[in-house]
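Student: Here you go, one structure.
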Amino acid sequence: MSEKVLMKGNEALAEAAIAAGCRHYLGYPITPQTEVAAYMAKRMPKIGGTFLQAESEIAAINMVIGVSSAGKRAMTSSSSPGIALKSEGLSYLAGCDLPALVVNVQRGGPGLGGIQPSQSDYFLATRAGGHGDFHMIVLAPATVQEMADFAIKGFELADKYRMVTMILADGVLGQMMEPVSLDFGEIKQFDKPWAAVGTNGGRRHNIVNSLCLEPTQLEQWNIDRYKRYEQVMANEQRAEEYMTDDADVICVAYGATARVTKNAIAMARAKGIKAGLIRPITLWPFPKKIVGAAAKKAKAFVSVEMSMGQMIEDVELSIRCSRPVLLCNRSGGMIPTPEEVLAKIEEASKMGGAD
Amino acid sequence: MANTVFQKPHALCDVPLHYCPGCTHGIIHRLVAEAIDALGIEGRTVGVASVGCSVFTYNYFECDMVQAAHGRAPAVATGLKRAEPNNIIFTYQGDGDLAAIGTAETVHSAARGENITIIFVNNAIYGMTGGQMAPTTLPGQVTQTTPYGRDPQYAGLPVKICEMLSQVDGATYLERVAVDSVAHINQAKRAIEKAFRNQVEGKGFSLVEVLSTCPTNWGKEPAAAMEWLRENMIPYYPLGVYKDKYADEKGGSK
């Protein structure tokens, strides 16, 4: 077993990105993700990498586009209002089939909102990262170890499918410290024959482009891209199941709220209520197969979120509304307490839902 | 067999250009390609196409190309250059792209002294979208969105990019040229080649502003458009070198 070090989530993520071979971090300051930038500013010059503080979030994501166009692993991180500004670039990355790692350490919104933890960018990440038909792979860490591991996994998935991977974290995971192993084993690398790195006189020019004025062709590009998305949906759905085998009530929670929910489940079990947790690790693709299968046994679901209710729609879709789904939520930077989650579990346990 | 005395530059693709009759993009494309040929850098050059009439430059240059979002070409170029510092990176941008929506990217890539080359085509109008007011539209100029002429009291005054960037310490080389006459085209050729050579020599941020025409959206015959450029644009946007850091340091004349 490898040695563990005590690190903040944001720093563990940054160090893992470096281990993944990322040598280009382009960012802009915003709370609560600033440690990622600060860490990269310290580390990159020492390893021959590039840390660049851009003039805006928009410039930063477009610098990511430039680095990725050259076939290099590129990364940016931000927090909710900054991610919204990056939407244009996220859409261009998708339209150009460019890989990149984008980290969103979410804070409360809308507008300037607050700086406390939130999960209210679920829709932004899974539904509407920008204009046009596209998806991003969205990973939701719940521990500092996963903040690190998903940086590795995120680059790998991004390169494999030529997509953006977004790590959807929150202020809790970014700021808290836990022991973490930085031994990631072999790092997978991918050939990028499409990269704009100079023809060297040896081939026709590569063009990295999202423009297509011929509608039949643009439609075909979209169809081809969605075939790739179907592969992602088939192969990459991931979730952690916790005490679901005999559960009557299944909570669905990701990230920091999943940690709170585990406490609530222990409290419910002590009261004789069979509760369990499905913790989505991929938010897109949403683990529909796992959540859908759970509906065959469970009587009711509780979606636990730090938002006004966003992921709950995916829970309902996954089970085709065949069971009641309650919402246990706080927003604006508030975190649900185990007692609040327990109260919803108790309410759900009294609901029907039997066939 | 006859000697070839004139031919297409190698860096220019052998394809029809989509530009309107009389448009000067063709001339400027050729000057860029000639510079790439002259410096022997085609194999390690990557161009960045911007949004506007010149978006299809990615089909017109033999080097690798990336198409950027509106105004973002200097940021994309920054990424390309930081990823592969030995590559030669240029952007080709119009006035709406560079001087309106991309102002921040323009100013800050200059401030950082990014070792890139920017070809800035100023024809005082948005061409691709059908002739709206640009940041460089002249006072009184009629466009689709200034149908009674640009009223400075209402729509403000034009942005003079070379003058503005000359105050940015990080910029290395700024020159404004025009392509309305043979003499001016020859000067434009020298400036564009210099802007690329600066990058090859690691000298930093170079921008050449090229005063250009848009006969279609100006509603003029090509020759009349050239005349309009001479009589209206050049007086407002004087030609010349606005900054040449290395020449200035040597005490050279402007």
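Labels used: A, B, ... for chains in the order of the structure tokens, numbers from 1 for residues in each chain, and numbers from 1 for ligands as shown.
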Chain A near chain B within 10 Å: what's each residue's closest atom pair and its distance in Å to one decimal, counting only C-alpha atoms, ordered by chain then ascending residue number, as a Markdown table?
Tutor:
| residue | atom | partner | partner_atom | distance |
| --- | --- | --- | --- | --- |
| A:Arg23 | CA | B:Ala83 | CA | 8.6 |
| A:His24 | CA | B:Ala83 | CA | 7.4 |
| A:Tyr25 | CA | B:Gly79 | CA | 9.9 |
| A:Leu26 | CA | B:Gly79 | CA | 8.6 |
| A:Gly49 | CA | B:Arg82 | CA | 9.2 |
| A:Thr50 | CA | B:Arg82 | CA | 7.1 |
| A:Phe51 | CA | B:Arg82 | CA | 9.7 |
| A:Leu52 | CA | B:Arg82 | CA | 9.3 |
| A:Ala54 | CA | B:His108 | CA | 8.3 |
| A:Glu55 | CA | B:His108 | CA | 6.6 |
| A:Ser56 | CA | B:Ala104 | CA | 8.3 |
| A:Ile58 | CA | B:Arg72 | CA | 8.1 |
| A:Ala59 | CA | B:Ala75 | CA | 5.4 |
| A:Ala60 | CA | B:Ala75 | CA | 7.3 |
| A:Ile61 | CA | B:Ala75 | CA | 8.4 |
| A:Asn62 | CA | B:Val76 | CA | 5.1 |
| A:Met63 | CA | B:Gly79 | CA | 4.2 |
| A:Val64 | CA | B:Gly79 | CA | 6.1 |
| A:Ile65 | CA | B:Val76 | CA | 6.0 |
| A:Gly66 | CA | B:Gly79 | CA | 4.0 |
| A:Val67 | CA | B:Gly79 | CA | 4.5 |
| A:Ser68 | CA | B:Gly79 | CA | 7.9 |
| A:Ser69 | CA | B:Leu80 | CA | 7.0 |
| A:Ala70 | CA | B:Leu80 | CA | 5.9 |
| A:Gly71 | CA | B:Ala83 | CA | 8.4 |
| A:Lys72 | CA | B:Ala83 | CA | 6.8 |
| A:Arg73 | CA | B:Ala83 | CA | 9.3 |
| A:Ala74 | CA | B:Gly79 | CA | 9.1 |
| A:Glu88 | CA | B:Ala69 | CA | 7.9 |
| A:Gly89 | CA | B:Ala69 | CA | 7.7 |
| A:Ser91 | CA | B:Ala69 | CA | 9.9 |
| A:Tyr92 | CA | B:Ala69 | CA | 7.3 |
| A:Cys96 | CA | B:Gln67 | CA | 8.9 |
| A:Trp194 | CA | B:Asp64 | CA | 9.8 |
| A:Ala195 | CA | B:Asp64 | CA | 8.5 |
| A:Ala196 | CA | B:Asp64 | CA | 5.2 |
| A:Val197 | CA | B:Val46 | CA | 6.8 |
| A:Gly198 | CA | B:Arg44 | CA | 4.2 |
| A:Thr199 | CA | B:Gly43 | CA | 4.8 |
| A:Asn200 | CA | B:Gly43 | CA | 3.8 |
| A:Gly201 | CA | B:Gly43 | CA | 4.9 |
| A:Gly202 | CA | B:Gly43 | CA | 8.0 |
| A:Arg203 | CA | B:Gly43 | CA | 9.3 |
| A:Arg204 | CA | B:Glu62 | CA | 7.3 |
| A:His205 | CA | B:Asp64 | CA | 4.6 |
| A:Asn206 | CA | B:Asp64 | CA | 4.9 |
| A:Ile207 | CA | B:Met65 | CA | 4.8 |
| A:Val208 | CA | B:Val66 | CA | 4.6 |
| A:Asn209 | CA | B:Gln67 | CA | 5.1 |
| A:Ser210 | CA | B:Gln67 | CA | 7.3 |
| A:Leu211 | CA | B:Gln67 | CA | 8.0 |
Student: How would the residues just chosen look if you wrote them out with C-alpha atoms as an mmCIF file, in the first residue's frame?
Tutor:
data_model
loop_
_atom_site.group_PDB
_atom_site.id
_atom_site.type_symbol
_atom_site.label_atom_id
_atom_site.label_comp_id
_atom_site.auth_asym_id
_atom_site.auth_seq_id
_atom_site.Cartn_x
_atom_site.Cartn_y
_atom_site.Cartn_z
ATOM 1 C CA ARG A 23 1.606 20.651 -18.101
ATOM 2 C CA HIS A 24 -0.770 23.456 -19.036
ATOM 3 C CA TYR A 25 -3.100 25.026 -16.521
ATOM 4 C CA LEU A 26 -4.940 28.157 -17.620
ATOM 5 C CA GLY A 49 4.957 23.364 -17.266
ATOM 6 C CA THR A 50 2.807 26.389 -17.934
ATOM 7 C CA PHE A 51 0.656 28.136 -15.382
ATOM 8 C CA LEU A 52 -1.044 31.097 -16.955
ATOM 9 C CA ALA A 54 -5.719 34.622 -18.010
ATOM 10 C CA GLU A 55 -7.494 37.970 -18.295
ATOM 11 C CA SER A 56 -10.880 36.276 -17.964
ATOM 12 C CA ILE A 58 -13.417 33.210 -21.331
ATOM 13 C CA ALA A 59 -9.783 33.699 -22.293
ATOM 14 C CA ALA A 60 -8.730 30.836 -20.015
ATOM 15 C CA ILE A 61 -11.030 28.300 -21.644
ATOM 16 C CA ASN A 62 -9.942 29.491 -25.084
ATOM 17 C CA MET A 63 -6.308 29.024 -24.081
ATOM 18 C CA VAL A 64 -7.325 25.497 -23.085
ATOM 19 C CA ILE A 65 -8.715 25.138 -26.611
ATOM 20 C CA GLY A 66 -5.354 26.221 -28.016
ATOM 21 C CA VAL A 67 -3.341 23.803 -25.879
ATOM 22 C CA SER A 68 -5.742 20.951 -26.548
ATOM 23 C CA SER A 69 -5.687 21.721 -30.285
ATOM 24 C CA ALA A 70 -1.945 21.127 -30.083
ATOM 25 C CA GLY A 71 -2.642 17.685 -28.624
ATOM 26 C CA LYS A 72 -1.536 18.445 -25.074
ATOM 27 C CA ARG A 73 -3.441 17.745 -21.878
ATOM 28 C CA ALA A 74 -4.966 21.038 -20.797
ATOM 29 C CA GLU A 88 -18.892 29.345 -25.010
ATOM 30 C CA GLY A 89 -15.570 27.515 -24.863
ATOM 31 C CA SER A 91 -19.409 24.285 -26.640
ATOM 32 C CA TYR A 92 -16.473 24.939 -28.994
ATOM 33 C CA CYS A 96 -14.139 20.600 -32.291
ATOM 34 C CA TRP A 194 -5.742 15.247 -35.477
ATOM 35 C CA ALA A 195 -3.677 17.783 -33.509
ATOM 36 C CA ALA A 196 -2.661 21.124 -35.045
ATOM 37 C CA VAL A 197 1.057 20.926 -34.315
ATOM 38 C CA GLY A 198 2.471 21.762 -37.728
ATOM 39 C CA THR A 199 2.439 19.585 -40.827
ATOM 40 C CA ASN A 200 6.239 19.352 -40.808
ATOM 41 C CA GLY A 201 5.798 19.101 -44.557
ATOM 42 C CA GLY A 202 4.712 15.506 -44.207
ATOM 43 C CA ARG A 203 0.914 15.506 -44.459
ATOM 44 C CA ARG A 204 -2.127 17.549 -45.466
ATOM 45 C CA HIS A 205 -3.037 20.237 -42.952
ATOM 46 C CA ASN A 206 -5.063 19.370 -39.887
ATOM 47 C CA ILE A 207 -8.009 21.663 -39.227
ATOM 48 C CA VAL A 208 -9.538 21.966 -35.774
ATOM 49 C CA ASN A 209 -12.951 23.406 -36.466
ATOM 50 C CA SER A 210 -16.589 23.451 -35.429
ATOM 51 C CA LEU A 211 -18.031 25.424 -38.358
#
Student: As a PyMOL selection string, please: every residue in stretch 28-163 of chain A that a backbone DSSP assignment puts in alpha helix (DSSP H).
Tutor: chain A and resi 34-43+57-69+80-85+87-95+122-126+144-161
Student: Any chance you could export the current selection's C-alpha atoms as an mmCIF file, in the first residue's frame?
Tutor:
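Output (selection.cif):
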data_model
loop_
_atom_site.group_PDB
_atom_site.id
_atom_site.type_symbol
_atom_site.label_atom_id
_atom_site.label_comp_id
_atom_site.auth_asym_id
_atom_site.auth_seq_id
_atom_site.Cartn_x
_atom_site.Cartn_y
_atom_site.Cartn_z
ATOM 1 C CA THR A 34 -8.402 29.333 -6.023
ATOM 2 C CA GLU A 35 -6.154 26.736 -4.337
ATOM 3 C CA VAL A 36 -6.034 24.825 -7.620
ATOM 4 C CA ALA A 37 -4.585 27.857 -9.398
ATOM 5 C CA ALA A 38 -2.262 28.728 -6.529
ATOM 6 C CA TYR A 39 -0.955 25.173 -6.393
ATOM 7 C CA MET A 40 -0.375 25.091 -10.142
ATOM 8 C CA ALA A 41 1.367 28.480 -10.010
ATOM 9 C CA LYS A 42 3.834 26.984 -7.523
ATOM 10 C CA ARG A 43 4.341 23.634 -9.213
ATOM 11 C CA GLU A 57 -12.573 32.914 -17.660
ATOM 12 C CA ILE A 58 -13.417 33.210 -21.331
ATOM 13 C CA ALA A 59 -9.783 33.699 -22.293
ATOM 14 C CA ALA A 60 -8.730 30.836 -20.015
ATOM 15 C CA ILE A 61 -11.030 28.300 -21.644
ATOM 16 C CA ASN A 62 -9.942 29.491 -25.084
ATOM 17 C CA MET A 63 -6.308 29.024 -24.081
ATOM 18 C CA VAL A 64 -7.325 25.497 -23.085
ATOM 19 C CA ILE A 65 -8.715 25.138 -26.611
ATOM 20 C CA GLY A 66 -5.354 26.221 -28.016
ATOM 21 C CA VAL A 67 -3.341 23.803 -25.879
ATOM 22 C CA SER A 68 -5.742 20.951 -26.548
ATOM 23 C CA SER A 69 -5.687 21.721 -30.285
ATOM 24 C CA SER A 80 -19.953 28.469 -10.732
ATOM 25 C CA PRO A 81 -20.144 32.035 -12.138
ATOM 26 C CA GLY A 82 -16.805 31.457 -13.848
ATOM 27 C CA ILE A 83 -17.951 28.185 -15.343
ATOM 28 C CA ALA A 84 -20.961 29.974 -16.801
ATOM 29 C CA LEU A 85 -18.535 32.310 -18.571
ATOM 30 C CA SER A 87 -19.870 27.975 -21.609
ATOM 31 C CA GLU A 88 -18.892 29.345 -25.010
ATOM 32 C CA GLY A 89 -15.570 27.515 -24.863
ATOM 33 C CA LEU A 90 -17.162 24.304 -23.598
ATOM 34 C CA SER A 91 -19.409 24.285 -26.640
ATOM 35 C CA TYR A 92 -16.473 24.939 -28.994
ATOM 36 C CA LEU A 93 -14.468 22.168 -27.339
ATOM 37 C CA ALA A 94 -17.384 19.820 -28.016
ATOM 38 C CA GLY A 95 -17.839 21.102 -31.559
ATOM 39 C CA TYR A 122 -26.059 20.130 -11.893
ATOM 40 C CA PHE A 123 -28.176 21.285 -14.809
ATOM 41 C CA LEU A 124 -25.310 23.345 -16.213
ATOM 42 C CA ALA A 125 -22.985 20.350 -16.089
ATOM 43 C CA THR A 126 -25.353 17.626 -17.263
ATOM 44 C CA VAL A 144 -10.150 14.011 -1.385
ATOM 45 C CA GLN A 145 -8.861 10.713 -2.798
ATOM 46 C CA GLU A 146 -11.510 10.897 -5.505
ATOM 47 C CA MET A 147 -10.629 14.531 -6.231
ATOM 48 C CA ALA A 148 -7.209 13.163 -7.152
ATOM 49 C CA ASP A 149 -8.293 9.905 -8.798
ATOM 50 C CA PHE A 150 -10.879 11.618 -10.977
ATOM 51 C CA ALA A 151 -8.305 14.035 -12.350
ATOM 52 C CA ILE A 152 -6.455 10.989 -13.688
ATOM 53 C CA LYS A 153 -9.644 9.309 -14.852
ATOM 54 C CA GLY A 154 -10.966 12.579 -16.234
ATOM 55 C CA PHE A 155 -8.032 13.106 -18.577
ATOM 56 C CA GLU A 156 -8.183 9.492 -19.655
ATOM 57 C CA LEU A 157 -11.900 9.640 -20.503
ATOM 58 C CA ALA A 158 -11.488 13.025 -22.189
ATOM 59 C CA ASP A 159 -8.753 11.744 -24.483
ATOM 60 C CA LYS A 160 -10.463 8.423 -25.128
ATOM 61 C CA TYR A 161 -13.767 9.950 -26.225
#
Student: Do a neighbour search on B:Gln132 at 9 Å with only C-alpha atoms, toss out local chain neighbours closer than 3 positions, and write the hits as a PyMOL selection string.
Tutor: chain B and resi 125-127+129+137+142-146+217
Student: Could you take the residues named above and write them with N, CA and C atoms, as a PDB file, in the first residue's frame?
Tutor:
ATOM      1  N   ILE B 125     -16.213  47.648 -41.132  1.00  0.00           N
ATOM      2  CA  ILE B 125     -17.588  47.148 -41.196  1.00  0.00           C
ATOM      3  C   ILE B 125     -17.608  45.659 -40.847  1.00  0.00           C
ATOM      4  N   TYR B 126     -18.751  45.164 -40.384  1.00  0.00           N
ATOM      5  CA  TYR B 126     -18.940  43.723 -40.233  1.00  0.00           C
ATOM      6  C   TYR B 126     -19.370  43.186 -41.594  1.00  0.00           C
ATOM      7  N   GLY B 127     -18.508  42.392 -42.219  1.00  0.00           N
ATOM      8  CA  GLY B 127     -18.811  41.901 -43.561  1.00  0.00           C
ATOM      9  C   GLY B 127     -19.726  40.694 -43.560  1.00  0.00           C
ATOM     10  N   THR B 129     -21.826  39.314 -41.581  1.00  0.00           N
ATOM     11  CA  THR B 129     -23.219  39.406 -41.138  1.00  0.00           C
ATOM     12  C   THR B 129     -24.031  40.406 -41.963  1.00  0.00           C
ATOM     13  N   THR B 137     -15.895  51.599 -37.683  1.00  0.00           N
ATOM     14  CA  THR B 137     -16.715  52.358 -38.633  1.00  0.00           C
ATOM     15  C   THR B 137     -16.504  53.861 -38.434  1.00  0.00           C
ATOM     16  N   VAL B 142     -22.371  55.097 -43.340  1.00  0.00           N
ATOM     17  CA  VAL B 142     -23.665  54.418 -43.347  1.00  0.00           C
ATOM     18  C   VAL B 142     -23.440  52.910 -43.329  1.00  0.00           C
ATOM     19  N   THR B 143     -24.078  52.256 -42.378  1.00  0.00           N
ATOM     20  CA  THR B 143     -24.076  50.794 -42.333  1.00  0.00           C
ATOM     21  C   THR B 143     -25.497  50.345 -42.042  1.00  0.00           C
ATOM     22  N   GLN B 144     -25.698  49.028 -42.011  1.00  0.00           N
ATOM     23  CA  GLN B 144     -27.043  48.519 -41.745  1.00  0.00           C
ATOM     24  C   GLN B 144     -27.550  48.966 -40.372  1.00  0.00           C
ATOM     25  N   THR B 145     -26.646  49.092 -39.400  1.00  0.00           N
ATOM     26  CA  THR B 145     -27.070  49.485 -38.050  1.00  0.00           C
ATOM     27  C   THR B 145     -26.776  50.955 -37.729  1.00  0.00           C
ATOM     28  N   THR B 146     -26.213  51.659 -38.719  1.00  0.00           N
ATOM     29  CA  THR B 146     -26.141  53.124 -38.634  1.00  0.00           C
ATOM     30  C   THR B 146     -26.705  53.665 -39.943  1.00  0.00           C
ATOM     31  N   ASN B 217     -20.462  45.496 -48.931  1.00  0.00           N
ATOM     32  CA  ASN B 217     -21.228  46.147 -47.859  1.00  0.00           C
ATOM     33  C   ASN B 217     -21.049  47.654 -47.827  1.00  0.00           C
TER      34      ASN B 217
END
Student: Name the residues in contact with stretch 163-180 of chain A at a cut-off of 7 Å, using only C-alpha atoms, excluding same-chain residues fewer than 2 positions from it; report them as a PyMOL selection string.
Tutor: chain A and resi 4-10+32-33+94+97-107+116-119+136-145+154+158-159+161+182+255-256
Student: Convert the current residue selection to file output with N, CA and C atoms, as a short mmCIF file (atom, residue, chain, number, x, y, z; two decimals), in the first residue's frame.
Tutor:
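Listing of out-v7.cif after writing:
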data_model
loop_
_atom_site.label_atom_id
_atom_site.label_comp_id
_atom_site.auth_asym_id
_atom_site.auth_seq_id
_atom_site.Cartn_x
_atom_site.Cartn_y
_atom_site.Cartn_z
N LYS A 4 0.41 7.67 2.31
CA LYS A 4 -0.61 8.71 2.12
C LYS A 4 -0.12 10.04 2.68
N VAL A 5 -0.60 11.11 2.04
CA VAL A 5 -0.26 12.44 2.52
C VAL A 5 -1.56 13.20 2.79
N LEU A 6 -1.48 14.15 3.72
CA LEU A 6 -2.66 14.93 4.06
C LEU A 6 -2.72 16.15 3.14
N MET A 7 -3.79 16.23 2.38
CA MET A 7 -3.89 17.33 1.41
C MET A 7 -5.31 17.88 1.35
N LYS A 8 -5.40 19.12 0.93
CA LYS A 8 -6.70 19.71 0.59
C LYS A 8 -7.19 19.10 -0.73
N GLY A 9 -8.49 19.01 -0.88
CA GLY A 9 -9.07 18.45 -2.10
C GLY A 9 -8.60 19.16 -3.35
N ASN A 10 -8.61 20.48 -3.32
CA ASN A 10 -8.19 21.24 -4.50
C ASN A 10 -6.74 20.95 -4.86
N PRO A 32 -14.60 29.25 -4.56
CA PRO A 32 -13.64 28.57 -3.69
C PRO A 32 -12.72 27.57 -4.42
N GLN A 33 -12.25 27.90 -5.61
CA GLN A 33 -11.35 26.97 -6.30
C GLN A 33 -9.93 27.50 -6.38
N ALA A 94 -16.55 20.93 -27.55
CA ALA A 94 -17.38 19.82 -28.02
C ALA A 94 -17.47 19.81 -29.54
N ASP A 97 -14.46 18.52 -31.03
CA ASP A 97 -14.07 17.20 -30.50
C ASP A 97 -12.73 17.24 -29.80
N LEU A 98 -12.55 18.26 -28.97
CA LEU A 98 -11.29 18.41 -28.24
C LEU A 98 -11.45 17.92 -26.80
N PRO A 99 -10.46 17.18 -26.32
CA PRO A 99 -10.48 16.78 -24.91
C PRO A 99 -9.99 17.91 -24.01
N ALA A 100 -10.48 17.94 -22.78
CA ALA A 100 -9.98 18.89 -21.78
C ALA A 100 -10.55 18.50 -20.43
N LEU A 101 -9.86 18.93 -19.39
CA LEU A 101 -10.37 18.72 -18.04
C LEU A 101 -10.79 20.07 -17.46
N VAL A 102 -12.04 20.16 -17.07
CA VAL A 102 -12.58 21.40 -16.52
C VAL A 102 -13.15 21.08 -15.13
N VAL A 103 -12.70 21.83 -14.15
CA VAL A 103 -13.11 21.57 -12.78
C VAL A 103 -14.05 22.69 -12.32
N ASN A 104 -15.19 22.31 -11.79
CA ASN A 104 -16.11 23.29 -11.22
C ASN A 104 -16.26 23.02 -9.73
N VAL A 105 -15.65 23.85 -8.92
CA VAL A 105 -15.84 23.77 -7.47
C VAL A 105 -17.03 24.68 -7.16
N GLN A 106 -18.19 24.06 -7.08
CA GLN A 106 -19.44 24.84 -7.10
C GLN A 106 -19.66 25.68 -5.84
N ARG A 107 -20.25 26.84 -6.07
CA ARG A 107 -20.70 27.71 -4.99
C ARG A 107 -22.15 28.10 -5.25
N GLN A 116 -20.23 29.76 -0.44
CA GLN A 116 -20.35 28.51 0.30
C GLN A 116 -20.72 27.37 -0.64
N PRO A 117 -20.51 26.11 -0.20
CA PRO A 117 -20.70 24.96 -1.09
C PRO A 117 -22.10 24.85 -1.65
N SER A 118 -22.18 24.30 -2.83
CA SER A 118 -23.46 24.17 -3.51
C SER A 118 -23.37 23.05 -4.54
N GLN A 119 -24.53 22.59 -4.96
CA GLN A 119 -24.58 21.62 -6.06
C GLN A 119 -25.59 22.12 -7.10
N MET A 136 -20.94 16.67 -21.82
CA MET A 136 -19.63 16.52 -21.19
C MET A 136 -19.72 15.30 -20.28
N ILE A 137 -18.59 14.63 -20.08
CA ILE A 137 -18.53 13.60 -19.05
C ILE A 137 -18.41 14.33 -17.72
N VAL A 138 -19.26 14.00 -16.76
CA VAL A 138 -19.26 14.72 -15.49
C VAL A 138 -18.98 13.75 -14.35
N LEU A 139 -17.88 13.98 -13.64
CA LEU A 139 -17.48 13.12 -12.53
C LEU A 139 -17.71 13.87 -11.21
N ALA A 140 -18.23 13.13 -10.22
CA ALA A 140 -18.57 13.76 -8.93
C ALA A 140 -17.80 13.11 -7.80
N PRO A 141 -16.68 13.68 -7.40
CA PRO A 141 -15.91 13.11 -6.28
C PRO A 141 -16.62 13.36 -4.95
N ALA A 142 -16.37 12.44 -4.00
CA ALA A 142 -16.94 12.61 -2.67
C ALA A 142 -15.87 12.58 -1.59
N THR A 143 -14.62 12.34 -1.99
CA THR A 143 -13.51 12.33 -1.04
C THR A 143 -12.33 13.05 -1.67
N VAL A 144 -11.36 13.39 -0.85
CA VAL A 144 -10.15 14.01 -1.38
C VAL A 144 -9.42 13.02 -2.30
N GLN A 145 -9.47 11.73 -1.93
CA GLN A 145 -8.86 10.71 -2.80
C GLN A 145 -9.51 10.72 -4.17
N GLY A 154 -10.36 11.55 -15.39
CA GLY A 154 -10.97 12.58 -16.23
C GLY A 154 -10.18 12.82 -17.51
N ALA A 158 -11.45 11.90 -21.24
CA ALA A 158 -11.49 13.02 -22.19
C ALA A 158 -10.74 12.66 -23.47
N ASP A 159 -9.55 12.11 -23.30
CA ASP A 159 -8.75 11.74 -24.48
C ASP A 159 -9.40 10.59 -25.25
N TYR A 161 -12.53 9.64 -25.49
CA TYR A 161 -13.77 9.95 -26.22
C TYR A 161 -13.72 11.31 -26.92
N LEU A 182 -1.06 9.28 -3.69
CA LEU A 182 -0.78 9.87 -5.00
C LEU A 182 -0.10 8.86 -5.92
N GLY A 255 -21.27 13.59 -4.15
CA GLY A 255 -20.35 14.56 -3.54
C GLY A 255 -20.55 14.68 -2.05
N ALA A 256 -20.46 15.89 -1.56
CA ALA A 256 -20.50 16.13 -0.12
C ALA A 256 -21.81 15.65 0.50
#
Student: In terms of the shortest atom-to-atom distance over only C-alpha atoms, which of B:Met226, B:Ala195, B:Leu239, B:Ala247 is closest to B:Gly22?
Tutor: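 Among the listed residues, the smallest separation from B:Gly22 belongs to B:Met226.
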Student: Enumerate as an MDAnalysis selection string all residues of stretch 276-315 of chain A assigned to strand (DSSP E) by DSSP on the backbone, naming them with the chain letters and numbers the document uses.
Tutor: chainID A and resid 276:280 282:284 300:305
